[in-house]
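In what follows, a structure is listed as structure tokens, so that the remarks can point back to it.
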Amino acid sequence: AREEVIKKCREPQKQAKQAIYALQRGDGAAGGRQIEAARKLARLLLAEVKPHPTLRQQAALKGMLEELAEAALFQHWLAIPGGAVLLRGDEALLGDELSPSEYLGGVCDLVGEIGRFAVRRAADRDAAAVQDALSTAVAVQAALLSLGHAAPRALQKKAEPLRTAVRKMETLLYELSLVERSGRVRAEPVREEPPPPPQPDE
């Protein structure tokens with residue numbers, strides 16, 4: 001049963017990864033289709049494991065749900081002017097099927113995608129978009145810190161990447177302010193490319 005759960009996690013996780021890649025490319029339609037496909041597969045799998053609590057706690061399943069949460073959160077954040085983060089319990093995040101730790105893991109990973117988005121916008125001197133990205137990242141960081149010892153242990157490894165993403169966005173804004181003052185035509189931050197699309201065997 002455990003091996004079957006791991007096997008069934010692969011396709012929705014791949015779809016979620018591909019959705020994030022499509023959203024970073026600006027292809028919202030493809031990203032939306034892939035998120036919906038991943039969501040349907042995830043719901044079917046969650047229904048299968050519901051009678052078996054130990055299977056529900058499998059790392060592969062929790063990892064897939066975090067990936068799907070990240071994709072849905074990123075899609076929503078891009079769609080709302082100024083950026084906004086979905087709350088746990090929203091149907092886009094599988095409703096109450098998503099555990100608090102899976103939701104928080106998806107929110108922390110969302111900051112990495114927002115950071116990549118901010119790099120692209122900074123290259124086009126869109127300081128407002130970078131500020132929106134930074135504001136969201138700082139809010140996530142503050143929320144995580146406010147949990148203190150109540151934060152799920154699995155989130156501890158995400159704290160440093162989150163801090164790094166915040167620092168990068170702060171640097172982007174600083175560089176943009178220098179460009180504005182110097183009157184240069186274009187900002188020149190270090191470009192960060194979207195992650196490569198997942199391979200078929202992932």
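Simple scheme: letters A, B, ... for chains in structure tokens order, numbers from 1 for residues in each chain, numbers from 1 for ligands in the order shown.
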Do you know which residues are at most 12 Å from Ala79 in chain A counting only C-alpha atoms, after dropping those on the same chain fewer than 5 positions away, and could you put them as a PyMOL selection string?
chain A and resi 23+26+28-29+32+72-74+84-86
Could you list, as an mmCIF file with C-alpha atoms, in the first residue's frame, every residue within 10 Å of Val130 in chain A, counting only C-alpha atoms and ignoring same-chain residues fewer than 3 positions away?
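Contents of around_26.cif, as written:
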```
data_model
loop_
_atom_site.group_PDB
_atom_site.id
_atom_site.type_symbol
_atom_site.label_atom_id
_atom_site.label_comp_id
_atom_site.auth_asym_id
_atom_site.auth_seq_id
_atom_site.Cartn_x
_atom_site.Cartn_y
_atom_site.Cartn_z
ATOM 1 C CA GLY A 82 -0.689 43.707 -4.980
ATOM 2 C CA ILE A 114 7.747 35.112 -5.653
ATOM 3 C CA GLY A 115 11.476 35.835 -5.492
ATOM 4 C CA PHE A 117 9.084 36.658 -10.190
ATOM 5 C CA ALA A 118 10.632 39.707 -8.471
ATOM 6 C CA VAL A 119 13.938 39.209 -10.302
ATOM 7 C CA ARG A 120 12.163 39.342 -13.667
ATOM 8 C CA ARG A 121 10.178 42.415 -12.712
ATOM 9 C CA ALA A 122 13.301 44.157 -11.407
ATOM 10 C CA ARG A 125 12.403 48.342 -13.515
ATOM 11 C CA ASP A 126 9.008 47.478 -12.046
ATOM 12 C CA ALA A 127 9.748 48.612 -8.503
ATOM 13 C CA ALA A 133 6.756 40.600 -3.704
ATOM 14 C CA LEU A 134 8.915 41.741 -0.815
ATOM 15 C CA SER A 135 5.879 42.703 1.273
ATOM 16 C CA THR A 136 4.422 39.222 0.868
ATOM 17 C CA MET A 169 14.352 41.103 -2.783
ATOM 18 C CA GLU A 170 15.587 43.842 -0.467
ATOM 19 C CA LEU A 172 16.706 44.226 -5.768
ATOM 20 C CA LEU A 173 14.759 47.191 -4.421
ATOM 21 C CA LEU A 176 16.377 49.794 -8.403
#
```
Taking 5 positions as the minimum chain separation for residues in the same chain, which residues sit within 10 Å of Cys9 in chain A when counting only C-alpha atoms? Answer as a ChimeraX atom specification.
/A:3-4,14,38,41-42,45,60-65
Residue list (alpha helix (DSSP H), DSSP) for range 61-130 of chain A, as a PyMOL selection string:
chain A and resi 61-79+100-123+127-130
Convert the current residue selection to file output with N, CA and C atoms, as a CSV table (one decimal), in the first residue's frame.
```
chain,number,residue,atom,x,y,z
A,61,LEU,N,3.3,11.7,0.1
A,61,LEU,CA,2.0,12.3,0.0
A,61,LEU,C,2.0,13.8,0.5
A,62,LYS,N,2.7,13.9,1.6
A,62,LYS,CA,2.8,15.3,2.2
A,62,LYS,C,3.6,16.2,1.3
A,63,GLY,N,4.6,15.7,0.7
A,63,GLY,CA,5.4,16.5,-0.2
A,63,GLY,C,4.7,16.9,-1.5
A,64,MET,N,3.9,15.9,-2.0
A,64,MET,CA,3.0,16.3,-3.1
A,64,MET,C,2.0,17.3,-2.8
A,65,LEU,N,1.4,17.2,-1.6
A,65,LEU,CA,0.4,18.2,-1.3
A,65,LEU,C,1.0,19.6,-1.0
A,66,GLU,N,2.2,19.6,-0.5
A,66,GLU,CA,2.9,20.9,-0.4
A,66,GLU,C,3.2,21.5,-1.7
A,67,GLU,N,3.6,20.7,-2.7
A,67,GLU,CA,3.9,21.2,-4.0
A,67,GLU,C,2.6,21.8,-4.7
A,68,LEU,N,1.5,21.0,-4.5
A,68,LEU,CA,0.3,21.5,-5.1
A,68,LEU,C,-0.2,22.8,-4.4
A,69,ALA,N,0.0,22.9,-3.1
A,69,ALA,CA,-0.4,24.1,-2.4
A,69,ALA,C,0.5,25.3,-2.9
A,70,GLU,N,1.8,25.0,-3.1
A,70,GLU,CA,2.6,26.1,-3.6
A,70,GLU,C,2.2,26.6,-4.9
A,71,ALA,N,1.8,25.7,-5.8
A,71,ALA,CA,1.3,26.0,-7.2
A,71,ALA,C,0.0,26.9,-7.1
A,72,ALA,N,-0.9,26.4,-6.3
A,72,ALA,CA,-2.2,27.1,-6.2
A,72,ALA,C,-2.0,28.5,-5.5
A,73,LEU,N,-1.1,28.5,-4.5
A,73,LEU,CA,-0.9,29.8,-3.8
A,73,LEU,C,-0.2,30.8,-4.8
A,74,PHE,N,0.7,30.3,-5.6
A,74,PHE,CA,1.4,31.2,-6.6
A,74,PHE,C,0.4,31.7,-7.7
A,75,GLN,N,-0.4,30.8,-8.1
A,75,GLN,CA,-1.4,31.2,-9.1
A,75,GLN,C,-2.3,32.3,-8.6
A,76,HIS,N,-2.8,32.1,-7.4
A,76,HIS,CA,-3.7,33.1,-6.7
A,76,HIS,C,-2.9,34.4,-6.5
A,77,TRP,N,-1.7,34.3,-6.0
A,77,TRP,CA,-0.9,35.5,-5.7
A,77,TRP,C,-0.7,36.4,-7.0
A,78,LEU,N,-0.4,35.7,-8.1
A,78,LEU,CA,-0.2,36.4,-9.4
A,78,LEU,C,-1.5,37.1,-9.9
A,79,ALA,N,-2.6,36.5,-9.5
A,79,ALA,CA,-3.9,37.0,-10.1
A,79,ALA,C,-4.5,38.2,-9.3
A,100,PRO,N,-2.3,21.8,8.5
A,100,PRO,CA,-1.6,23.0,8.8
A,100,PRO,C,-0.1,23.0,8.4
A,101,SER,N,0.6,21.9,8.6
A,101,SER,CA,2.0,21.9,8.3
A,101,SER,C,2.2,21.8,6.8
A,102,GLU,N,1.3,21.2,6.0
A,102,GLU,CA,1.4,21.2,4.6
A,102,GLU,C,1.1,22.5,4.0
A,103,TYR,N,0.1,23.2,4.6
A,103,TYR,CA,-0.2,24.5,4.1
A,103,TYR,C,1.0,25.5,4.4
A,104,LEU,N,1.5,25.5,5.6
A,104,LEU,CA,2.6,26.4,5.9
A,104,LEU,C,3.8,26.1,5.1
A,105,GLY,N,4.1,24.8,4.8
A,105,GLY,CA,5.2,24.4,3.9
A,105,GLY,C,5.0,25.0,2.5
A,106,GLY,N,3.8,24.9,2.0
A,106,GLY,CA,3.5,25.5,0.7
A,106,GLY,C,3.7,27.0,0.7
A,107,VAL,N,3.3,27.7,1.8
A,107,VAL,CA,3.4,29.1,1.9
A,107,VAL,C,4.9,29.5,1.9
A,108,CYS,N,5.7,28.8,2.7
A,108,CYS,CA,7.1,29.1,2.7
A,108,CYS,C,7.8,28.9,1.3
A,109,ASP,N,7.4,27.8,0.6
A,109,ASP,CA,8.0,27.6,-0.7
A,109,ASP,C,7.5,28.6,-1.7
A,110,LEU,N,6.3,29.2,-1.5
A,110,LEU,CA,5.7,30.2,-2.4
A,110,LEU,C,6.7,31.4,-2.4
A,111,VAL,N,7.4,31.7,-1.3
A,111,VAL,CA,8.3,32.9,-1.3
A,111,VAL,C,9.4,32.7,-2.3
A,112,GLY,N,9.9,31.5,-2.5
A,112,GLY,CA,10.9,31.3,-3.5
A,112,GLY,C,10.4,31.6,-4.9
A,113,GLU,N,9.2,31.2,-5.2
A,113,GLU,CA,8.7,31.5,-6.6
A,113,GLU,C,8.4,33.0,-6.7
A,114,ILE,N,7.9,33.7,-5.6
A,114,ILE,CA,7.7,35.1,-5.7
A,114,ILE,C,9.1,35.8,-5.9
A,115,GLY,N,10.1,35.3,-5.3
A,115,GLY,CA,11.5,35.8,-5.5
A,115,GLY,C,11.9,35.8,-6.9
A,116,ARG,N,11.6,34.7,-7.6
A,116,ARG,CA,12.0,34.5,-9.0
A,116,ARG,C,11.2,35.5,-9.9
A,117,PHE,N,9.9,35.7,-9.5
A,117,PHE,CA,9.1,36.7,-10.2
A,117,PHE,C,9.7,38.1,-10.0
A,118,ALA,N,10.1,38.4,-8.8
A,118,ALA,CA,10.6,39.7,-8.5
A,118,ALA,C,11.9,40.0,-9.3
A,119,VAL,N,12.7,39.0,-9.5
A,119,VAL,CA,13.9,39.2,-10.3
A,119,VAL,C,13.6,39.6,-11.7
A,120,ARG,N,12.6,39.0,-12.3
A,120,ARG,CA,12.2,39.3,-13.7
A,120,ARG,C,11.6,40.8,-13.7
A,121,ARG,N,10.8,41.1,-12.7
A,121,ARG,CA,10.2,42.4,-12.7
A,121,ARG,C,11.2,43.5,-12.5
A,122,ALA,N,12.2,43.2,-11.7
A,122,ALA,CA,13.3,44.2,-11.4
A,122,ALA,C,14.1,44.5,-12.7
A,123,ALA,N,14.3,43.4,-13.5
A,123,ALA,CA,15.0,43.7,-14.8
A,123,ALA,C,14.2,44.6,-15.7
A,127,ALA,N,9.5,48.6,-9.9
A,127,ALA,CA,9.7,48.6,-8.5
A,127,ALA,C,8.5,48.3,-7.7
A,128,ALA,N,7.3,48.7,-8.2
A,128,ALA,CA,6.1,48.4,-7.5
A,128,ALA,C,5.8,46.9,-7.3
A,129,ALA,N,6.1,46.1,-8.4
A,129,ALA,CA,5.9,44.7,-8.3
A,129,ALA,C,6.9,44.0,-7.4
A,130,VAL,N,8.2,44.5,-7.4
A,130,VAL,CA,9.2,44.0,-6.5
A,130,VAL,C,8.8,44.3,-5.0
```
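For the pair CA of Ala47 in chain A and CA of Ala16 in chain A, the interatomic distance is 19.0 Å.
Checking A:Leu147, A:Gly31, A:Arg39, A:Gln58 one by one against Gln13 in chain A, counting only C-alpha atoms, you find the shortest gap at A:Arg39.
Interatomic distance, CA of Ala19 in chain A against CA of Gln34 in chain A: 5.3 Å.
Taking CA of Ala154 in chain A and CA of Ile80 in chain A as endpoints, the distance between them is 28.8 Å.
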